[in-house]
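**Q** Quick one, data.pdb (PDB, C-alpha atoms):
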```pdb
ATOM      1  CA  MET A 248      14.630   6.852   3.374
ATOM      2  CA  LYS A 249      11.085   8.122   3.917
ATOM      3  CA  TYR A 250       8.446   6.540   1.726
ATOM      4  CA  SER A 251       5.226   8.181   0.659
ATOM      5  CA  VAL A 252       1.802   6.793   1.450
ATOM      6  CA  TYR A 253       1.542   5.615  -2.161
ATOM      7  CA  GLU A 254       4.814   3.691  -1.963
ATOM      8  CA  ASN A 255       3.811   2.260   1.413
ATOM      9  CA  ILE A 256       0.571   0.922  -0.058
ATOM     10  CA  ARG A 257       2.528  -0.829  -2.822
ATOM     11  CA  LYS A 258       5.125  -2.265  -0.444
ATOM     12  CA  ILE A 259       2.481  -3.557   2.006
ATOM     13  CA  ARG A 260       0.576  -5.135  -0.898
ATOM     14  CA  GLU A 261       3.744  -6.821  -2.144
ATOM     15  CA  LEU A 262       4.692  -8.112   1.319
ATOM     16  CA  LYS A 263       1.230  -9.661   1.649
ATOM     17  CA  ASN A 264       1.644 -11.257  -1.806
ATOM     18  CA  PHE A 265      -1.488  -9.531  -3.106
ATOM     19  CA  THR A 266      -1.562  -8.750  -6.819
ATOM     20  CA  ARG A 267      -2.627  -5.379  -8.182
ATOM     21  CA  GLU A 268      -5.459  -7.213  -9.917
ATOM     22  CA  TYR A 269      -6.710  -8.677  -6.617
ATOM     23  CA  VAL A 270      -6.643  -5.350  -4.762
ATOM     24  CA  ALA A 271      -8.262  -3.539  -7.697
ATOM     25  CA  ALA A 272     -11.043  -6.133  -7.863
ATOM     26  CA  GLU A 273     -11.670  -5.854  -4.113
ATOM     27  CA  LEU A 274     -11.884  -2.055  -4.517
ATOM     28  CA  LYS A 275     -14.220  -2.493  -7.511
ATOM     29  CA  MET A 276     -11.933  -0.511  -9.799
ATOM     30  CA  SER A 277      -9.730  -1.171 -12.808
ATOM     31  CA  THR A 278      -6.203  -2.467 -12.396
ATOM     32  CA  SER A 279      -4.847   0.579 -14.233
ATOM     33  CA  GLY A 280      -6.816   2.883 -11.939
ATOM     34  CA  TYR A 281      -5.385   1.167  -8.890
ATOM     35  CA  GLY A 282      -1.901   1.335 -10.423
ATOM     36  CA  LYS A 283      -2.293   5.109 -10.636
ATOM     37  CA  ILE A 284      -2.887   5.176  -6.883
ATOM     38  CA  GLU A 285       0.282   3.197  -6.174
ATOM     39  CA  ARG A 286       2.294   5.475  -8.466
ATOM     40  CA  GLY A 287       0.839   8.591  -6.875
ATOM     41  CA  ASP A 288      -0.620   9.769 -10.181
ATOM     42  CA  VAL A 289      -3.984  10.525  -8.557
ATOM     43  CA  ASP A 290      -4.929  12.157  -5.292
ATOM     44  CA  LEU A 291      -5.984   9.638  -2.674
ATOM     45  CA  THR A 292      -9.243  10.367  -0.879
ATOM     46  CA  VAL A 293      -9.796   9.481   2.754
ATOM     47  CA  SER A 294     -12.603   7.101   1.820
ATOM     48  CA  LYS A 295     -10.400   5.304  -0.732
ATOM     49  CA  LEU A 296      -7.576   5.067   1.820
ATOM     50  CA  ILE A 297     -10.016   3.468   4.282
ATOM     51  CA  GLU A 298     -11.069   0.944   1.619
ATOM     52  CA  ILE A 299      -7.447   0.140   0.752
ATOM     53  CA  SER A 300      -6.547  -0.364   4.414
ATOM     54  CA  LYS A 301      -9.402  -2.868   4.767
ATOM     55  CA  VAL A 302      -8.306  -4.825   1.697
ATOM     56  CA  LEU A 303      -4.684  -4.845   2.889
ATOM     57  CA  GLU A 304      -5.878  -5.803   6.398
ATOM     58  CA  VAL A 305      -3.931  -3.021   8.115
ATOM     59  CA  SER A 306      -4.845   0.234   9.837
ATOM     60  CA  ILE A 307      -4.566   3.600   8.133
ATOM     61  CA  GLU A 308      -2.000   4.545  10.757
ATOM     62  CA  PHE A 309       0.084   1.518   9.755
ATOM     63  CA  ILE A 310       0.068   2.687   6.128
ATOM     64  CA  PHE A 311       1.291   6.144   7.124
ATOM     65  CA  LYS A 312       3.988   4.885   9.498
ATOM     66  CA  PHE A 313       5.100   1.814   7.544
ATOM     67  CA  ASP A 314       8.873   1.519   7.140
ATOM     68  CA  VAL A 315      10.026  -1.435   5.055
ATOM     69  CA  SER A 316      13.578  -1.126   6.399
ATOM     70  CA  VAL A 317      12.345  -2.465   9.758
ATOM     71  CA  PHE A 318      11.730  -5.829   8.100
ATOM     72  CA  PHE A 319      15.115  -6.010   6.433
ATOM     73  CA  SER A 320      17.466  -4.303   8.883
ATOM     74  CA  GLU A 321      20.532  -6.181  10.002
ATOM     75  CA  THR A 322      21.427  -6.436  13.651
ATOM     76  CA  ARG A 323      25.060  -6.782  14.569
TER      77      ARG A 323
END
```
Produce structure tokens that represent the structure in this file.
**A**
Amino acid sequence: MKYSVYENIRKIRELKNFTREYVAAELKMSTSGYGKIERGDVDLTVSKLIEISKVLEVSIEFIFKFDVSVFFSETR
């Protein structure tokens, strides 16, 4: 399954055990405003994506290419 950039941001945040409140505070925005980004309710600007990548401590490329199934795939 292919995830969108918005879903990838949420999944990366969750894997790093960051709360929405923490990320929103680091971005100097409201928690509800940040939630809209994760849900894809607002268009994401390049500058905001750069800020988010810094808070999440990953590259922008990582956000675009992130695939959660890599972490949970079974090898047989």
**Q** Please provide the set of residues having any atom within 12 Å of A:Ala272, restricted to all atoms listed in the file, with same-chain residues fewer than 6 positions apart removed, written as a count of residues only.
**A** 9
**Q** Could you tell me which of A:Tyr269, A:Tyr253, A:Phe318, A:Phe313 comes closest to A:Lys283 if we count all atoms listed in the file?
**A** A:Tyr253
**Q** What box, with edges along x, y and z, holds each listed atom of stretch 276-293 of chain A when 4 Å is added on every side, and can you state its centre and edge lengths in Å to one decimal, as AutoDock Vina command-line options?
**A**
```
--center_x -4.8 --center_y 4.8 --center_z -5.7 --size_x 22.2 --size_y 22.6 --size_z 25.0
```
**Q** Nearest to A:Glu254: which of A:Ile297, A:Met276, A:Val315, A:Val270 is it, counting only C-alpha atoms?
**A**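 Using only C-alpha atoms, the shortest distance to A:Glu254 belongs to A:Val315.
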**Q** Restricting the calculation to all atoms listed in the file: of A:Ile259, A:Ile310, A:Ala271, A:Val317, which residue gets closest to A:Leu296?
**A** A:Ile310
